file structure21.cif (mmCIF, C-alpha atoms)
data_data
#
loop_
_atom_site.label_atom_id
_atom_site.label_comp_id
_atom_site.auth_asym_id
_atom_site.auth_seq_id
_atom_site.Cartn_x
_atom_site.Cartn_y
_atom_site.Cartn_z
CA ILE D 24 4.75 10.72 -11.04
CA VAL D 25 1.01 10.44 -10.57
CA THR D 26 0.75 12.25 -7.24
CA ASP D 27 3.21 14.35 -5.25
CA VAL D 28 1.82 16.36 -2.33
CA GLY D 29 4.98 16.87 -0.28
CA HIS D 30 4.46 14.05 2.20
CA TYR D 31 3.15 11.51 -0.32
CA SER D 32 4.40 10.51 -3.77
CA ARG D 33 3.03 7.86 -6.12
CA LEU D 34 5.02 6.59 -9.08
CA ALA D 35 3.37 4.78 -11.98
CA PHE D 36 5.04 2.13 -14.12
CA ASN D 37 4.29 1.20 -17.73
CA ASN D 38 2.83 -2.17 -16.67
CA GLY D 39 0.06 -0.47 -14.64
CA ASN D 40 1.64 -1.05 -11.22
CA SER D 41 2.68 1.74 -8.89
CA LEU D 42 4.84 2.39 -5.85
CA SER D 43 4.07 5.03 -3.24
CA LEU D 44 5.95 6.59 -0.33
CA HIS D 45 4.27 8.35 2.61
CA VAL D 46 6.69 10.31 4.80
CA GLY D 47 5.51 11.79 8.09
CA GLU D 48 3.68 10.71 11.20
CA THR D 49 1.28 7.86 10.55
CA ALA D 50 -0.54 5.40 12.77
CA HIS D 51 2.34 2.93 12.30
CA GLY D 52 5.40 5.19 12.34
CA SER D 53 7.09 7.88 10.32
CA THR D 54 7.42 6.39 6.83
CA MET D 55 5.31 3.85 4.95
CA LEU D 56 6.05 2.20 1.62
CA TYR D 57 3.06 1.20 -0.55
CA PHE D 58 3.04 -1.53 -3.19
CA ASP D 59 0.22 -1.81 -5.73
CA LEU D 60 -0.53 -5.56 -5.69
CA PRO D 61 -3.61 -7.79 -5.26
CA ALA D 62 -4.27 -7.19 -1.55
CA GLU D 63 -5.93 -10.42 -0.38
CA ALA D 64 -3.63 -12.77 -2.32
CA THR D 65 -0.53 -10.88 -1.19
CA GLU D 66 -1.74 -10.89 2.42
CA ALA D 67 -2.10 -14.67 2.29
CA ARG D 68 1.39 -15.10 0.79
CA LEU D 69 3.03 -12.80 3.36
CA ARG D 70 1.22 -14.42 6.30
CA SER D 71 2.28 -17.89 5.11
CA ALA D 72 5.87 -16.62 4.89
CA GLY D 73 5.70 -15.55 8.55
CA PHE D 74 5.40 -11.76 8.22
CA GLU D 75 3.44 -9.92 10.93
CA CYS D 76 0.13 -8.52 9.67
CA VAL D 77 -0.85 -5.31 11.49
CA LEU D 78 -3.98 -4.62 9.40
CA PRO D 79 -5.88 -7.37 7.55
CA THR D 80 -7.18 -6.53 4.07
CA CYS D 81 -10.03 -4.02 4.25
CA LYS D 82 -11.58 -1.37 2.02
CA GLN D 83 -10.54 2.18 2.87
CA PRO D 84 -12.78 5.26 2.46
CA TRP D 85 -10.72 6.27 -0.61
CA SER D 86 -11.70 2.95 -2.30
CA TRP D 87 -8.37 1.15 -1.89
CA PHE D 88 -8.18 -2.32 -0.41
CA GLU D 89 -5.20 -2.31 1.95
CA THR D 90 -3.29 -4.71 4.15
CA HIS D 91 -0.38 -3.62 6.38
CA PHE D 92 2.64 -5.71 7.36
CA LYS D 93 5.85 -5.18 9.30
CA ASP D 94 9.07 -5.99 7.51
CA PRO D 95 11.89 -7.76 9.42
CA ASP D 96 13.18 -4.37 10.67
CA GLY D 97 9.74 -3.33 11.96
CA HIS D 98 8.88 -0.88 9.16
CA VAL D 99 5.28 -0.94 7.96
CA VAL D 100 4.75 -1.94 4.36
CA VAL D 101 1.32 -1.37 2.82
CA ILE D 102 -0.06 -3.57 0.08
CA PHE D 103 -2.87 -1.77 -1.70
CA GLU D 104 -5.23 -2.56 -4.51
CA ASP D 105 -6.81 0.44 -6.17
CA SER D 106 -10.42 -0.29 -7.11
CA ALA D 107 -11.21 0.07 -10.83
CA GLU D 108 -13.58 2.99 -10.34
CA ASN D 109 -10.98 4.96 -8.37
CA SER D 110 -7.81 4.21 -10.32
CA ARG D 111 -6.13 6.82 -12.48
CA LEU D 112 -3.62 4.20 -13.67
CA ARG D 113 -5.93 1.68 -15.37
#
call {"tool": "encode", "arguments": {"input": "structure21.cif", "output": "structure tokens"}}
result
Amino acid sequence: IVTDVGHYSRLAFNNGNSLSLHVGETAHGSTMLYFDLPAEATEARLRSAGFECVLPTCKQPWSWFETHFKDPDGHVVVIFEDSAENSRLR
């Protein structure tokens, strides 16, 4: 576990990837699942597969590049790319 602040946990894997869970009220609902993947390339793949993009890839104030999608059940899934200068995993 890299980060655990009660409402947010981030798990790191040996290959450098991570998975995060944010529980609580957010702009898009009550729970969001985060995947550490190349944001722009993953956005393009998900759009071409027909998934609904609710936030195109953009840089956040905390130096992550994020894109948000809805899964088939309407849950928001966040694809994020942690910039090299901000990452504690690389």
call {"tool": "atom_distance", "arguments": {"input": "structure21.cif", "atom1": "atom CA of D:Glu63", "atom2": "atom CA of D:Thr90"}}
result
7.8 Å
call {"tool": "resolve_selection", "arguments": {"input": "structure21.cif", "expression": "the PyMOL selection byres ((chain D and resi 80) around 6)", "output": "JSON, numbers by chain"}}
result
{"D": [79, 81, 89, 90]}
call {"tool": "atom_distance", "arguments": {"input": "structure21.cif", "atom1": "atom CA of D:Asn40", "atom2": "atom CA of D:Phe58"}}
result
8.2 Å
call {"tool": "closest_residue", "arguments": {"input": "structure21.cif", "among": "D:Ala62, D:Ser41, D:Val46, D:Phe74", "to": "D:Phe92", "atoms": "only C-alpha atoms"}}
result
D:Phe74
call {"tool": "atom_distance", "arguments": {"input": "structure21.cif", "atom1": "atom CA of D:Gly47", "atom2": "atom CA of D:Leu34"}}
result
17.9 Å
call {"tool": "closest_residue", "arguments": {"input": "structure21.cif", "among": "D:His30, D:Pro84, D:Met55, D:Asp94", "to": "D:Leu69", "atoms": "all atoms listed in the file"}}
result
D:Asp94
call {"tool": "resolve_selection", "arguments": {"input": "structure21.cif", "expression": "the PyMOL selection byres ((chain D and resi 56) around 8)", "output": "list in words"}}
result
Leu42, Ser43, Leu44, His45, Thr54, Met55, Tyr57, Phe58, Val99, Val100 and Val101 of chain D
call {"tool": "resolve_selection", "arguments": {"input": "structure21.cif", "expression": "the PyMOL selection byres ((chain D and resi 85) around 10)", "output": "short mmCIF file (atom, residue, chain, number, x, y, z; two decimals) with C-alpha atoms, in the coordinates of the input"}}
result
data_model
loop_
_atom_site.label_atom_id
_atom_site.label_comp_id
_atom_site.auth_asym_id
_atom_site.auth_seq_id
_atom_site.Cartn_x
_atom_site.Cartn_y
_atom_site.Cartn_z
CA LYS D 82 -11.58 -1.37 2.02
CA GLN D 83 -10.54 2.18 2.87
CA PRO D 84 -12.78 5.26 2.46
CA SER D 86 -11.70 2.95 -2.30
CA TRP D 87 -8.37 1.15 -1.89
CA PHE D 88 -8.18 -2.32 -0.41
CA ASP D 105 -6.81 0.44 -6.17
CA SER D 106 -10.42 -0.29 -7.11
CA ASN D 109 -10.98 4.96 -8.37
#
call {"tool": "closest_residue", "arguments": {"input": "structure21.cif", "among": "D:Leu78, D:Ser71, D:Asp59, D:Ala64", "to": "D:Phe103", "atoms": "all atoms listed in the file"}}
result
D:Asp59
call {"tool": "closest_residue", "arguments": {"input": "structure21.cif", "among": "D:Ala67, D:Cys76, D:Ala35, D:Leu60", "to": "D:Gly97", "atoms": "all atoms listed in the file"}}
result
D:Cys76
call {"tool": "closest_residue", "arguments": {"input": "structure21.cif", "among": "D:Ser32, D:His91, D:Val77, D:Asn37", "to": "D:Thr65", "atoms": "all atoms listed in the file"}}
result
D:His91
call {"tool": "build_atoms", "arguments": {"input": "structure21.cif", "residues": "stretch 64-93 of chain D", "atoms": "N, CA and C atoms", "output": "PDB file, in the frame of the given file"}}
result
ATOM      1  N   ALA D  64      -4.576 -11.704  -1.953  1.00  0.00           N
ATOM      2  CA  ALA D  64      -3.630 -12.770  -2.320  1.00  0.00           C
ATOM      3  C   ALA D  64      -2.248 -12.490  -1.735  1.00  0.00           C
ATOM      4  N   THR D  65      -1.836 -11.224  -1.747  1.00  0.00           N
ATOM      5  CA  THR D  65      -0.530 -10.880  -1.190  1.00  0.00           C
ATOM      6  C   THR D  65      -0.526 -11.033   0.321  1.00  0.00           C
ATOM      7  N   GLU D  66      -1.641 -10.679   0.966  1.00  0.00           N
ATOM      8  CA  GLU D  66      -1.740 -10.890   2.420  1.00  0.00           C
ATOM      9  C   GLU D  66      -1.554 -12.365   2.749  1.00  0.00           C
ATOM     10  N   ALA D  67      -2.215 -13.227   2.021  1.00  0.00           N
ATOM     11  CA  ALA D  67      -2.100 -14.670   2.290  1.00  0.00           C
ATOM     12  C   ALA D  67      -0.661 -15.149   2.105  1.00  0.00           C
ATOM     13  N   ARG D  68       0.000 -14.688   1.040  1.00  0.00           N
ATOM     14  CA  ARG D  68       1.390 -15.100   0.790  1.00  0.00           C
ATOM     15  C   ARG D  68       2.322 -14.607   1.884  1.00  0.00           C
ATOM     16  N   LEU D  69       2.160 -13.354   2.321  1.00  0.00           N
ATOM     17  CA  LEU D  69       3.030 -12.800   3.360  1.00  0.00           C
ATOM     18  C   LEU D  69       2.789 -13.460   4.712  1.00  0.00           C
ATOM     19  N   ARG D  70       1.525 -13.715   5.042  1.00  0.00           N
ATOM     20  CA  ARG D  70       1.220 -14.420   6.300  1.00  0.00           C
ATOM     21  C   ARG D  70       1.854 -15.812   6.302  1.00  0.00           C
ATOM     22  N   SER D  71       1.730 -16.527   5.171  1.00  0.00           N
ATOM     23  CA  SER D  71       2.280 -17.890   5.110  1.00  0.00           C
ATOM     24  C   SER D  71       3.804 -17.876   5.168  1.00  0.00           C
ATOM     25  N   ALA D  72       4.414 -16.745   4.806  1.00  0.00           N
ATOM     26  CA  ALA D  72       5.870 -16.620   4.890  1.00  0.00           C
ATOM     27  C   ALA D  72       6.329 -16.153   6.270  1.00  0.00           C
ATOM     28  N   GLY D  73       5.359 -15.893   7.176  1.00  0.00           N
ATOM     29  CA  GLY D  73       5.700 -15.550   8.550  1.00  0.00           C
ATOM     30  C   GLY D  73       5.781 -14.067   8.866  1.00  0.00           C
ATOM     31  N   PHE D  74       5.373 -13.198   7.946  1.00  0.00           N
ATOM     32  CA  PHE D  74       5.400 -11.760   8.220  1.00  0.00           C
ATOM     33  C   PHE D  74       4.232 -11.379   9.130  1.00  0.00           C
ATOM     34  N   GLU D  75       4.455 -10.382   9.984  1.00  0.00           N
ATOM     35  CA  GLU D  75       3.440  -9.920  10.930  1.00  0.00           C
ATOM     36  C   GLU D  75       2.462  -8.970  10.254  1.00  0.00           C
ATOM     37  N   CYS D  76       1.194  -9.358  10.228  1.00  0.00           N
ATOM     38  CA  CYS D  76       0.130  -8.520   9.670  1.00  0.00           C
ATOM     39  C   CYS D  76      -0.369  -7.586  10.765  1.00  0.00           C
ATOM     40  N   VAL D  77      -0.349  -6.270  10.506  1.00  0.00           N
ATOM     41  CA  VAL D  77      -0.850  -5.310  11.490  1.00  0.00           C
ATOM     42  C   VAL D  77      -2.210  -4.735  11.093  1.00  0.00           C
ATOM     43  N   LEU D  78      -2.638  -4.993   9.838  1.00  0.00           N
ATOM     44  CA  LEU D  78      -3.980  -4.620   9.400  1.00  0.00           C
ATOM     45  C   LEU D  78      -4.406  -5.595   8.307  1.00  0.00           C
ATOM     46  N   PRO D  79      -5.380  -6.451   8.587  1.00  0.00           N
ATOM     47  CA  PRO D  79      -5.880  -7.370   7.550  1.00  0.00           C
ATOM     48  C   PRO D  79      -6.504  -6.573   6.398  1.00  0.00           C
ATOM     49  N   THR D  80      -6.617  -7.198   5.252  1.00  0.00           N
ATOM     50  CA  THR D  80      -7.180  -6.530   4.070  1.00  0.00           C
ATOM     51  C   THR D  80      -8.563  -5.970   4.377  1.00  0.00           C
ATOM     52  N   CYS D  81      -8.738  -4.688   4.072  1.00  0.00           N
ATOM     53  CA  CYS D  81     -10.030  -4.020   4.250  1.00  0.00           C
ATOM     54  C   CYS D  81     -10.126  -2.873   3.260  1.00  0.00           C
ATOM     55  N   LYS D  82     -11.360  -2.476   2.952  1.00  0.00           N
ATOM     56  CA  LYS D  82     -11.580  -1.370   2.020  1.00  0.00           C
ATOM     57  C   LYS D  82     -11.493  -0.060   2.787  1.00  0.00           C
ATOM     58  N   GLN D  83     -10.714   0.867   2.265  1.00  0.00           N
ATOM     59  CA  GLN D  83     -10.540   2.180   2.870  1.00  0.00           C
ATOM     60  C   GLN D  83     -11.557   3.161   2.281  1.00  0.00           C
ATOM     61  N   PRO D  84     -11.806   4.285   2.967  1.00  0.00           N
ATOM     62  CA  PRO D  84     -12.780   5.260   2.460  1.00  0.00           C
ATOM     63  C   PRO D  84     -12.425   5.815   1.076  1.00  0.00           C
ATOM     64  N   TRP D  85     -11.151   5.768   0.695  1.00  0.00           N
ATOM     65  CA  TRP D  85     -10.720   6.270  -0.610  1.00  0.00           C
ATOM     66  C   TRP D  85     -10.747   5.168  -1.673  1.00  0.00           C
ATOM     67  N   SER D  86     -11.420   4.063  -1.379  1.00  0.00           N
ATOM     68  CA  SER D  86     -11.700   2.950  -2.300  1.00  0.00           C
ATOM     69  C   SER D  86     -10.514   2.032  -2.573  1.00  0.00           C
ATOM     70  N   TRP D  87      -9.463   2.122  -1.787  1.00  0.00           N
ATOM     71  CA  TRP D  87      -8.370   1.150  -1.890  1.00  0.00           C
ATOM     72  C   TRP D  87      -8.651   0.006  -0.944  1.00  0.00           C
ATOM     73  N   PHE D  88      -8.249  -1.196  -1.328  1.00  0.00           N
ATOM     74  CA  PHE D  88      -8.180  -2.320  -0.410  1.00  0.00           C
ATOM     75  C   PHE D  88      -6.739  -2.356   0.075  1.00  0.00           C
ATOM     76  N   GLU D  89      -6.541  -2.348   1.391  1.00  0.00           N
ATOM     77  CA  GLU D  89      -5.200  -2.310   1.950  1.00  0.00           C
ATOM     78  C   GLU D  89      -4.992  -3.416   2.965  1.00  0.00           C
ATOM     79  N   THR D  90      -3.744  -3.872   3.060  1.00  0.00           N
ATOM     80  CA  THR D  90      -3.290  -4.710   4.150  1.00  0.00           C
ATOM     81  C   THR D  90      -1.926  -4.183   4.559  1.00  0.00           C
ATOM     82  N   HIS D  91      -1.635  -4.168   5.866  1.00  0.00           N
ATOM     83  CA  HIS D  91      -0.380  -3.620   6.380  1.00  0.00           C
ATOM     84  C   HIS D  91       0.425  -4.724   7.056  1.00  0.00           C
ATOM     85  N   PHE D  92       1.717  -4.741   6.776  1.00  0.00           N
ATOM     86  CA  PHE D  92       2.640  -5.710   7.360  1.00  0.00           C
ATOM     87  C   PHE D  92       3.863  -5.013   7.899  1.00  0.00           C
ATOM     88  N   LYS D  93       4.540  -5.660   8.836  1.00  0.00           N
ATOM     89  CA  LYS D  93       5.850  -5.180   9.300  1.00  0.00           C
ATOM     90  C   LYS D  93       6.921  -5.992   8.598  1.00  0.00           C
TER      91      LYS D  93
END
